[in-house]
$ cat my_file-v4.pdb   # PDB, C-alpha atoms and all ligand atoms
ATOM      1  CA  MET X 213       0.000   0.000   0.000  1.00  0.00           C
ATOM      2  CA  LEU X 214       2.895   2.341   0.805  1.00  0.00           C
ATOM      3  CA  ASP X 215       6.282   2.111  -0.845  1.00  0.00           C
ATOM      4  CA  VAL X 216       8.919   4.614   0.198  1.00  0.00           C
ATOM      5  CA  ARG X 217      12.198   4.382  -1.643  1.00  0.00           C
ATOM      6  CA  ASP X 218      15.281   6.419  -0.941  1.00  0.00           C
ATOM      7  CA  LEU X 219      13.395   9.300   0.656  1.00  0.00           C
ATOM      8  CA  ARG X 220      15.406  12.495   0.907  1.00  0.00           C
ATOM      9  CA  VAL X 221      14.309  15.687   2.599  1.00  0.00           C
ATOM     10  CA  THR X 222      16.571  18.643   1.970  1.00  0.00           C
ATOM     11  CA  SER X 223      16.578  21.871   3.997  1.00  0.00           C
ATOM     12  CA  ASN X 224      16.199  25.238   2.300  1.00  0.00           C
ATOM     13  CA  ALA X 225      19.948  25.676   2.826  1.00  0.00           C
ATOM     14  CA  GLY X 226      20.480  22.505   0.805  1.00  0.00           C
ATOM     15  CA  TYR X 227      21.679  20.041   3.435  1.00  0.00           C
ATOM     16  CA  PRO X 228      20.040  16.643   3.961  1.00  0.00           C
ATOM     17  CA  LEU X 229      17.658  16.237   6.921  1.00  0.00           C
ATOM     18  CA  VAL X 230      16.419  12.780   5.891  1.00  0.00           C
ATOM     19  CA  ASP X 231      18.830  10.859   3.716  1.00  0.00           C
ATOM     20  CA  GLY X 232      17.923   7.676   1.890  1.00  0.00           C
ATOM     21  CA  LEU X 233      15.054   6.152   3.894  1.00  0.00           C
ATOM     22  CA  SER X 234      13.284   3.136   2.370  1.00  0.00           C
ATOM     23  CA  PHE X 235      10.433   0.982   3.650  1.00  0.00           C
ATOM     24  CA  THR X 236       7.236  -0.667   2.481  1.00  0.00           C
ATOM     25  CA  LEU X 237       3.972  -1.133   4.293  1.00  0.00           C
ATOM     26  CA  ASN X 238       1.177  -3.544   3.421  1.00  0.00           C
ATOM     27  CA  ARG X 239      -2.490  -3.193   4.322  1.00  0.00           C
ATOM     28  CA  GLY X 240      -3.073  -4.175   7.944  1.00  0.00           C
ATOM     29  CA  GLU X 241       0.571  -3.761   8.900  1.00  0.00           C
ATOM     30  CA  THR X 242       1.943  -1.465  11.562  1.00  0.00           C
ATOM     31  CA  LEU X 243       5.412   0.009  11.235  1.00  0.00           C
ATOM     32  CA  GLY X 244       7.192   1.785  14.068  1.00  0.00           C
ATOM     33  CA  ILE X 245       9.926   4.285  13.289  1.00  0.00           C
ATOM     34  CA  VAL X 246      12.372   4.863  16.139  1.00  0.00           C
ATOM     35  CA  GLY X 247      15.350   7.140  16.399  1.00  0.00           C
ATOM     36  CA  GLU X 248      16.959   9.802  18.503  1.00  0.00           C
ATOM     37  CA  SER X 249      15.481  13.268  18.810  1.00  0.00           C
ATOM     38  CA  GLY X 250      16.084  15.279  15.655  1.00  0.00           C
ATOM     39  CA  CYS X 251      16.831  12.291  13.412  1.00  0.00           C
ATOM     40  CA  GLY X 252      13.947  13.131  11.070  1.00  0.00           C
ATOM     41  CA  LYS X 253      10.911  11.106  12.192  1.00  0.00           C
ATOM     42  CA  SER X 254       8.523  14.063  12.095  1.00  0.00           C
ATOM     43  CA  LEU X 255       9.912  15.356   8.805  1.00  0.00           C
ATOM     44  CA  THR X 256       9.484  11.912   7.253  1.00  0.00           C
ATOM     45  CA  SER X 257       5.822  11.929   8.322  1.00  0.00           C
ATOM     46  CA  LEU X 258       5.282  15.458   7.046  1.00  0.00           C
ATOM     47  CA  ALA X 259       6.942  14.584   3.738  1.00  0.00           C
ATOM     48  CA  LEU X 260       4.494  11.691   3.234  1.00  0.00           C
ATOM     49  CA  MET X 261       1.577  14.033   3.990  1.00  0.00           C
ATOM     50  CA  GLY X 262       2.874  16.712   1.622  1.00  0.00           C
ATOM     51  CA  LEU X 263       3.129  19.131   4.541  1.00  0.00           C
ATOM     52  CA  LEU X 264       6.844  19.917   4.788  1.00  0.00           C
ATOM     53  CA  PRO X 265       7.805  23.413   5.967  1.00  0.00           C
ATOM     54  CA  VAL X 266       8.168  25.940   3.152  1.00  0.00           C
ATOM     55  CA  GLY X 267      11.571  25.787   1.478  1.00  0.00           C
ATOM     56  CA  MET X 268      12.285  22.110   2.175  1.00  0.00           C
ATOM     57  CA  SER X 269      12.330  19.768  -0.774  1.00  0.00           C
ATOM     58  CA  VAL X 270      11.662  16.050  -0.998  1.00  0.00           C
ATOM     59  CA  SER X 271      12.806  13.582  -3.583  1.00  0.00           C
ATOM     60  CA  ARG X 272      12.920  10.033  -4.936  1.00  0.00           C
ATOM     61  CA  HIS X 273       9.903   7.817  -4.638  1.00  0.00           C
ATOM     62  CA  VAL X 274       6.767   7.600  -2.471  1.00  0.00           C
ATOM     63  CA  GLU X 275       3.975   5.430  -3.794  1.00  0.00           C
ATOM     64  CA  PHE X 276       0.670   5.211  -1.927  1.00  0.00           C
ATOM     65  CA  GLU X 277      -2.203   3.099  -3.319  1.00  0.00           C
ATOM     66  CA  SER X 278      -0.452   3.264  -6.704  1.00  0.00           C
ATOM     67  CA  ALA X 279      -0.297   7.083  -6.748  1.00  0.00           C
ATOM     68  CA  ASP X 280       3.085   8.805  -6.817  1.00  0.00           C
ATOM     69  CA  LEU X 281       2.652  11.150  -3.857  1.00  0.00           C
ATOM     70  CA  LEU X 282       5.627  13.331  -4.715  1.00  0.00           C
ATOM     71  CA  LYS X 283       4.179  14.109  -8.146  1.00  0.00           C
ATOM     72  CA  LEU X 284       0.557  14.535  -7.126  1.00  0.00           C
ATOM     73  CA  ALA X 285      -1.078  17.918  -7.840  1.00  0.00           C
ATOM     74  CA  PRO X 286      -1.892  19.943  -4.682  1.00  0.00           C
ATOM     75  CA  ALA X 287      -5.655  19.510  -5.233  1.00  0.00           C
ATOM     76  CA  ALA X 288      -5.329  15.731  -5.536  1.00  0.00           C
ATOM     77  CA  MET X 289      -3.179  15.672  -2.398  1.00  0.00           C
ATOM     78  CA  ARG X 290      -5.863  17.628  -0.514  1.00  0.00           C
ATOM     79  CA  ASP X 291      -8.447  15.049  -1.597  1.00  0.00           C
ATOM     80  CA  LEU X 292      -6.265  12.282  -0.207  1.00  0.00           C
ATOM     81  CA  ARG X 293      -5.271  13.993   3.019  1.00  0.00           C
ATOM     82  CA  GLY X 294      -7.759  13.447   5.819  1.00  0.00           C
ATOM     83  CA  ASP X 295      -9.461  10.758   3.765  1.00  0.00           C
ATOM     84  CA  ARG X 296      -7.256   7.802   2.674  1.00  0.00           C
ATOM     85  CA  LEU X 297      -4.193   9.259   4.374  1.00  0.00           C
ATOM     86  CA  ALA X 298      -4.211  10.932   7.783  1.00  0.00           C
ATOM     87  CA  MET X 299      -1.782  11.976  10.451  1.00  0.00           C
ATOM     88  CA  ILE X 300      -1.839  12.562  14.182  1.00  0.00           C
ATOM     89  CA  PHE X 301       0.642  15.364  14.779  1.00  0.00           C
ATOM     90  CA  GLN X 302       3.171  15.484  17.574  1.00  0.00           C
ATOM     91  CA  ASP X 303       2.174  18.940  18.779  1.00  0.00           C
ATOM     92  CA  PRO X 304      -1.583  19.592  19.133  1.00  0.00           C
ATOM     93  CA  MET X 305      -1.004  23.195  20.243  1.00  0.00           C
ATOM     94  CA  THR X 306       0.340  24.252  16.844  1.00  0.00           C
ATOM     95  CA  SER X 307      -1.591  21.770  14.691  1.00  0.00           C
ATOM     96  CA  LEU X 308      -5.155  22.682  15.634  1.00  0.00           C
ATOM     97  CA  ASN X 309      -6.689  25.845  14.215  1.00  0.00           C
ATOM     98  CA  PRO X 310      -7.199  28.222  17.200  1.00  0.00           C
ATOM     99  CA  ALA X 311      -9.959  30.152  15.393  1.00  0.00           C
ATOM    100  CA  LEU X 312     -12.300  27.206  14.799  1.00  0.00           C
ATOM    101  CA  THR X 313     -14.217  25.062  17.288  1.00  0.00           C
ATOM    102  CA  VAL X 314     -12.827  21.572  17.722  1.00  0.00           C
ATOM    103  CA  GLY X 315     -16.133  20.152  16.519  1.00  0.00           C
ATOM    104  CA  TYR X 316     -15.876  22.076  13.278  1.00  0.00           C
ATOM    105  CA  GLN X 317     -12.369  20.755  12.712  1.00  0.00           C
ATOM    106  CA  ILE X 318     -13.462  17.147  13.202  1.00  0.00           C
ATOM    107  CA  ALA X 319     -16.727  17.353  11.229  1.00  0.00           C
ATOM    108  CA  GLU X 320     -14.992  19.127   8.336  1.00  0.00           C
ATOM    109  CA  GLY X 321     -13.473  15.838   7.100  1.00  0.00           C
ATOM    110  CA  LEU X 322     -16.869  14.133   6.839  1.00  0.00           C
ATOM    111  CA  ILE X 323     -18.407  17.102   5.069  1.00  0.00           C
ATOM    112  CA  ARG X 324     -15.517  17.480   2.609  1.00  0.00           C
ATOM    113  CA  HIS X 325     -14.711  13.851   1.894  1.00  0.00           C
ATOM    114  CA  ARG X 326     -17.929  11.981   2.638  1.00  0.00           C
ATOM    115  CA  GLY X 327     -20.571  14.486   1.583  1.00  0.00           C
ATOM    116  CA  CYS X 328     -22.238  14.346   5.003  1.00  0.00           C
ATOM    117  CA  ASP X 329     -24.550  17.183   6.003  1.00  0.00           C
ATOM    118  CA  ARG X 330     -23.858  19.150   9.207  1.00  0.00           C
ATOM    119  CA  ARG X 331     -26.193  17.110  11.364  1.00  0.00           C
ATOM    120  CA  GLU X 332     -24.779  13.728  10.325  1.00  0.00           C
ATOM    121  CA  ALA X 333     -21.233  15.005  10.638  1.00  0.00           C
ATOM    122  CA  HIS X 334     -22.027  16.365  14.116  1.00  0.00           C
ATOM    123  CA  GLU X 335     -23.473  13.040  15.203  1.00  0.00           C
ATOM    124  CA  HIS X 336     -20.522  10.953  13.939  1.00  0.00           C
ATOM    125  CA  SER X 337     -18.019  13.384  15.413  1.00  0.00           C
ATOM    126  CA  ILE X 338     -19.552  13.219  18.883  1.00  0.00           C
ATOM    127  CA  GLU X 339     -19.594   9.447  18.660  1.00  0.00           C
ATOM    128  CA  LEU X 340     -15.873   9.402  17.856  1.00  0.00           C
ATOM    129  CA  LEU X 341     -15.075  11.946  20.587  1.00  0.00           C
ATOM    130  CA  ARG X 342     -16.688   9.544  23.048  1.00  0.00           C
ATOM    131  CA  LYS X 343     -14.546   6.697  21.691  1.00  0.00           C
ATOM    132  CA  VAL X 344     -11.354   8.674  22.221  1.00  0.00           C
ATOM    133  CA  LYS X 345     -12.630   9.339  25.763  1.00  0.00           C
ATOM    134  CA  LEU X 346     -13.042  13.087  25.596  1.00  0.00           C
ATOM    135  CA  PRO X 347     -15.023  13.965  28.722  1.00  0.00           C
ATOM    136  CA  ALA X 348     -18.342  15.805  28.066  1.00  0.00           C
ATOM    137  CA  ALA X 349     -17.936  15.343  24.317  1.00  0.00           C
ATOM    138  CA  GLU X 350     -21.256  17.027  23.499  1.00  0.00           C
ATOM    139  CA  ARG X 351     -20.261  20.271  25.233  1.00  0.00           C
ATOM    140  CA  ARG X 352     -16.600  20.205  24.143  1.00  0.00           C
ATOM    141  CA  PHE X 353     -17.667  19.971  20.496  1.00  0.00           C
ATOM    142  CA  ASP X 354     -18.485  23.687  20.489  1.00  0.00           C
ATOM    143  CA  GLU X 355     -15.354  24.805  22.344  1.00  0.00           C
ATOM    144  CA  TYR X 356     -12.108  26.206  20.929  1.00  0.00           C
ATOM    145  CA  PRO X 357      -8.718  24.471  21.303  1.00  0.00           C
ATOM    146  CA  HIS X 358      -7.513  26.953  23.963  1.00  0.00           C
ATOM    147  CA  GLN X 359     -10.405  25.927  26.233  1.00  0.00           C
ATOM    148  CA  LEU X 360      -9.154  22.331  26.368  1.00  0.00           C
ATOM    149  CA  SER X 361      -6.339  20.707  28.346  1.00  0.00           C
ATOM    150  CA  GLY X 362      -3.300  19.281  26.540  1.00  0.00           C
ATOM    151  CA  GLY X 363      -4.600  15.734  26.816  1.00  0.00           C
ATOM    152  CA  MET X 364      -8.020  16.760  25.509  1.00  0.00           C
ATOM    153  CA  ARG X 365      -6.445  18.532  22.552  1.00  0.00           C
ATOM    154  CA  GLN X 366      -4.483  15.382  21.767  1.00  0.00           C
ATOM    155  CA  ARG X 367      -7.731  13.399  21.733  1.00  0.00           C
ATOM    156  CA  VAL X 368      -9.250  15.927  19.364  1.00  0.00           C
ATOM    157  CA  MET X 369      -6.242  15.536  17.040  1.00  0.00           C
ATOM    158  CA  ILE X 370      -6.747  11.792  17.111  1.00  0.00           C
ATOM    159  CA  ALA X 371     -10.436  12.195  16.282  1.00  0.00           C
ATOM    160  CA  ILE X 372      -9.625  14.492  13.338  1.00  0.00           C
ATOM    161  CA  ALA X 373      -7.239  11.875  11.964  1.00  0.00           C
ATOM    162  CA  LEU X 374      -9.642   8.950  12.453  1.00  0.00           C
ATOM    163  CA  ILE X 375     -12.905  10.530  11.353  1.00  0.00           C
ATOM    164  CA  CYS X 376     -12.775   9.263   7.737  1.00  0.00           C
ATOM    165  CA  GLN X 377     -11.256   5.904   8.695  1.00  0.00           C
ATOM    166  CA  PRO X 378      -8.042   6.405   6.693  1.00  0.00           C
ATOM    167  CA  ALA X 379      -6.309   3.507   4.954  1.00  0.00           C
ATOM    168  CA  LEU X 380      -2.982   4.805   6.245  1.00  0.00           C
ATOM    169  CA  LEU X 381      -2.657   6.533   9.593  1.00  0.00           C
ATOM    170  CA  ILE X 382       0.627   8.213  10.427  1.00  0.00           C
ATOM    171  CA  ALA X 383       0.968   8.754  14.148  1.00  0.00           C
ATOM    172  CA  ASP X 384       3.803  11.009  15.273  1.00  0.00           C
ATOM    173  CA  GLU X 385       4.121  10.317  19.018  1.00  0.00           C
ATOM    174  CA  PRO X 386       0.327  10.438  19.338  1.00  0.00           C
ATOM    175  CA  THR X 387       0.117   9.718  23.044  1.00  0.00           C
ATOM    176  CA  THR X 388       3.029  11.680  24.503  1.00  0.00           C
ATOM    177  CA  ALA X 389       0.685  14.210  26.152  1.00  0.00           C
ATOM    178  CA  LEU X 390      -1.556  11.580  27.727  1.00  0.00           C
ATOM    179  CA  ASP X 391      -1.335   9.666  30.985  1.00  0.00           C
ATOM    180  CA  VAL X 392      -0.400   6.002  30.891  1.00  0.00           C
ATOM    181  CA  THR X 393      -3.860   4.455  31.234  1.00  0.00           C
ATOM    182  CA  VAL X 394      -5.289   6.690  28.521  1.00  0.00           C
ATOM    183  CA  GLN X 395      -2.250   5.934  26.346  1.00  0.00           C
ATOM    184  CA  ALA X 396      -3.157   2.272  26.559  1.00  0.00           C
ATOM    185  CA  GLN X 397      -6.800   2.994  25.653  1.00  0.00           C
ATOM    186  CA  ILE X 398      -5.814   5.129  22.676  1.00  0.00           C
ATOM    187  CA  LEU X 399      -3.314   2.592  21.361  1.00  0.00           C
ATOM    188  CA  HIS X 400      -6.018  -0.044  21.659  1.00  0.00           C
ATOM    189  CA  LEU X 401      -8.391   2.192  19.701  1.00  0.00           C
ATOM    190  CA  LEU X 402      -5.789   2.861  17.002  1.00  0.00           C
ATOM    191  CA  GLY X 403      -5.133  -0.859  16.722  1.00  0.00           C
ATOM    192  CA  SER X 404      -8.797  -1.730  16.220  1.00  0.00           C
TER     193      SER X 404
HETATM  194  N1  LIG X 501      11.070  23.841  10.177  1.00  0.00           N
HETATM  195  C1  LIG X 501      12.340  23.426  10.173  1.00  0.00           C
HETATM  196  N2  LIG X 501      13.332  24.185   9.630  1.00  0.00           N
HETATM  197  C2  LIG X 501      14.612  23.769   9.608  1.00  0.00           C
HETATM  198  N3  LIG X 501      15.025  22.589  10.119  1.00  0.00           N
HETATM  199  C3  LIG X 501      14.114  21.804  10.684  1.00  0.00           C
HETATM  200  C4  LIG X 501      12.721  22.170  10.743  1.00  0.00           C
HETATM  201  N4  LIG X 501      12.040  21.163  11.335  1.00  0.00           N
HETATM  202  C5  LIG X 501      12.970  20.224  11.660  1.00  0.00           C
HETATM  203  N5  LIG X 501      14.212  20.605  11.265  1.00  0.00           N
HETATM  204  C6  LIG X 501      15.456  19.834  11.436  1.00  0.00           C
HETATM  205  O1  LIG X 501      15.297  18.564  10.834  1.00  0.00           O
HETATM  206  C7  LIG X 501      15.824  17.536  11.641  1.00  0.00           C
HETATM  207  C8  LIG X 501      14.784  16.469  11.872  1.00  0.00           C
HETATM  208  O2  LIG X 501      13.704  17.008  12.642  1.00  0.00           O
HETATM  209  P1  LIG X 501      12.433  16.154  13.070  1.00  0.00           P
HETATM  210  O3  LIG X 501      11.451  17.117  13.650  1.00  0.00           O
HETATM  211  O4  LIG X 501      11.987  15.331  11.922  1.00  0.00           O
HETATM  212  O5  LIG X 501      13.034  15.209  14.198  1.00  0.00           O
HETATM  213  P2  LIG X 501      12.316  14.035  15.045  1.00  0.00           P
HETATM  214  O6  LIG X 501      13.027  12.770  14.706  1.00  0.00           O
HETATM  215  O7  LIG X 501      10.859  14.079  14.835  1.00  0.00           O
HETATM  216  O8  LIG X 501      12.689  14.440  16.556  1.00  0.00           O
HETATM  217  P3  LIG X 501      11.807  14.309  17.926  1.00  0.00           P
HETATM  218  O9  LIG X 501      11.942  12.903  18.376  1.00  0.00           O
HETATM  219  O10 LIG X 501      12.477  15.272  18.840  1.00  0.00           O
HETATM  220  O11 LIG X 501      10.397  14.705  17.588  1.00  0.00           O
HETATM  221  C9  LIG X 501      16.338  18.207  12.915  1.00  0.00           C
HETATM  222  O12 LIG X 501      17.723  18.268  12.833  1.00  0.00           O
HETATM  223  C10 LIG X 501      15.728  19.574  12.902  1.00  0.00           C
HETATM  224  O13 LIG X 501      16.652  20.514  13.404  1.00  0.00           O
HETATM  225 MG    MG X 502       9.253  14.524  16.011  1.00  0.00          MG
END

$ encode --input "my_file-v4.pdb" --output "structure tokens" --more "lines below"
Ligand SMILES: Nc1ncnc2c1ncn2[C@@H]1O[C@H](COP(=O)(O)OP(=O)(O)OP(=O)(O)O)[C@@H](O)[C@H]1O
Ligand SMILES: [Mg+2]
Amino acid sequence: MLDVRDLRVTSNAGYPLVDGLSFTLNRGETLGIVGESGCGKSLTSLALMGLLPVGMSVSRHVEFESADLLKLAPAAMRDLRGDRLAMIFQDPMTSLNPALTVGYQIAEGLIRHRGCDRREAHEHSIELLRKVKLPAAERRFDEYPHQLSGGMRQRVMIAIALICQPALLIADEPTTALDVTVQAQILHLLGS
């Protein structure tokens, strides 16, 4: 399903940040990427999502469901992102939009990719927020990211990534902000 060959991410100054990474992933498989801080795990994830910081370039070969991700037009990439391909980001504080309610940010995926109307999208989103154990999901739906705790924001990020049941989920340290029992629950949820 995913074939990454000789992935290179180059900084805007022209030096390599990820240099020659290759791996393949089949449907139903889980792959863990480990490495010291700063070795390029987050950049690898962002490169696959087409979300590298401005100025960085990426090269060689990334094939996902027989599409060449590195050659895909921006519009086609936007169709894929949040639908077949989703990511839980490492830092919920900078990845959520502070100007939109968390509910809006979750429901958006269903409206854009699944053609749901607002009411359906609302219903499914609340259901998922309950699954990721967000307390008082109904009320939190209409709140903004700054009104939530770090752990709650992380759960919202997870819900945004899961809402369209992606074929490939990239999780960049998805449970770092959560306590150990909740970590276990979330990992169980991601595995199911
Ligand atoms: N926006 C950026 N501009 C310039 N360099 C960056 C940027 N983001 C990351 N880097 C550099 O790229 C390298 C890889 O960073 P990355 O965030 O992928 O590391 P990581 O493996 O995810 O680390 P951690 O485990 O701490 O999250 C680091 O050396 C970092 O300094
Ligand atoms: Mg990282």

$ closest_residue --input "my_file-v4.pdb" --among "X:Met213, X:Val221, X:Ala333, X:Ala319" --to "ligand LIG 501 (chain X)" --atoms "all atoms listed in the file"
X:Val221

$ residues_around --input "my_file-v4.pdb" --residues "stretch 383-387 of chain X" --least-positions-apart "3" --cutoff "6 Å" --atoms "all atoms listed in the file" --output "PyMOL selection string"
chain X and resi 299-302+390+395

$ residues_near_ligand --input "my_file-v4.pdb" --ligand "ligand LIG 501 (chain X)" --cutoff "12 Å" --atoms "only C-alpha atoms and all ligand atoms" --output "PyMOL selection string"
chain X and resi 220-231+245-259+263-269+301-303+383-386+388

$ resolve_selection --input "my_file-v4.pdb" --expression "the PyMOL selection byres (((chain X and resi 321) around 9) and not hetatm)" --output "JSON list (two decimals) with C-alpha atoms, keeping the file's coordinate frame"
[["chain", "number", "residue", "atom", "x", "y", "z"],
["X", 294, "GLY", "CA", -7.76, 13.45, 5.82],
["X", 295, "ASP", "CA", -9.46, 10.76, 3.76],
["X", 317, "GLN", "CA", -12.37, 20.76, 12.71],
["X", 318, "ILE", "CA", -13.46, 17.15, 13.20],
["X", 319, "ALA", "CA", -16.73, 17.35, 11.23],
["X", 320, "GLU", "CA", -14.99, 19.13, 8.34],
["X", 322, "LEU", "CA", -16.87, 14.13, 6.84],
["X", 323, "ILE", "CA", -18.41, 17.10, 5.07],
["X", 324, "ARG", "CA", -15.52, 17.48, 2.61],
["X", 325, "HIS", "CA", -14.71, 13.85, 1.89],
["X", 326, "ARG", "CA", -17.93, 11.98, 2.64],
["X", 333, "ALA", "CA", -21.23, 15.00, 10.64],
["X", 372, "ILE", "CA", -9.62, 14.49, 13.34],
["X", 373, "ALA", "CA", -7.24, 11.88, 11.96],
["X", 375, "ILE", "CA", -12.90, 10.53, 11.35],
["X", 376, "CYS", "CA", -12.78, 9.26, 7.74]]

$ closest_residue --input "my_file-v4.pdb" --among "X:Gln366, X:Ser307, X:Ser271, X:Gln359" --to "X:Leu341" --atoms "only C-alpha atoms"
X:Gln366

$ residues_around --input "my_file-v4.pdb" --residues "X:Arg290" --least-positions-apart "6" --cutoff "10 Å" --atoms "all atoms listed in the file" --output "MDAnalysis selection string"
chainID X and resid 261:262 284 297 325

$ atom_distance --input "my_file-v4.pdb" --atom1 "atom MG of ligand MG 502 (chain X)" --atom2 "atom CA of X:Asp215"
21.1 Å

$ atom_distance --input "my_file-v4.pdb" --atom1 "atom CA of X:Glu275" --atom2 "atom CA of X:Gln377"
19.7 Å

$ atom_distance --input "my_file-v4.pdb" --atom1 "atom MG of ligand MG 502 (chain X)" --atom2 "atom CA of X:Ser337"
27.3 Å
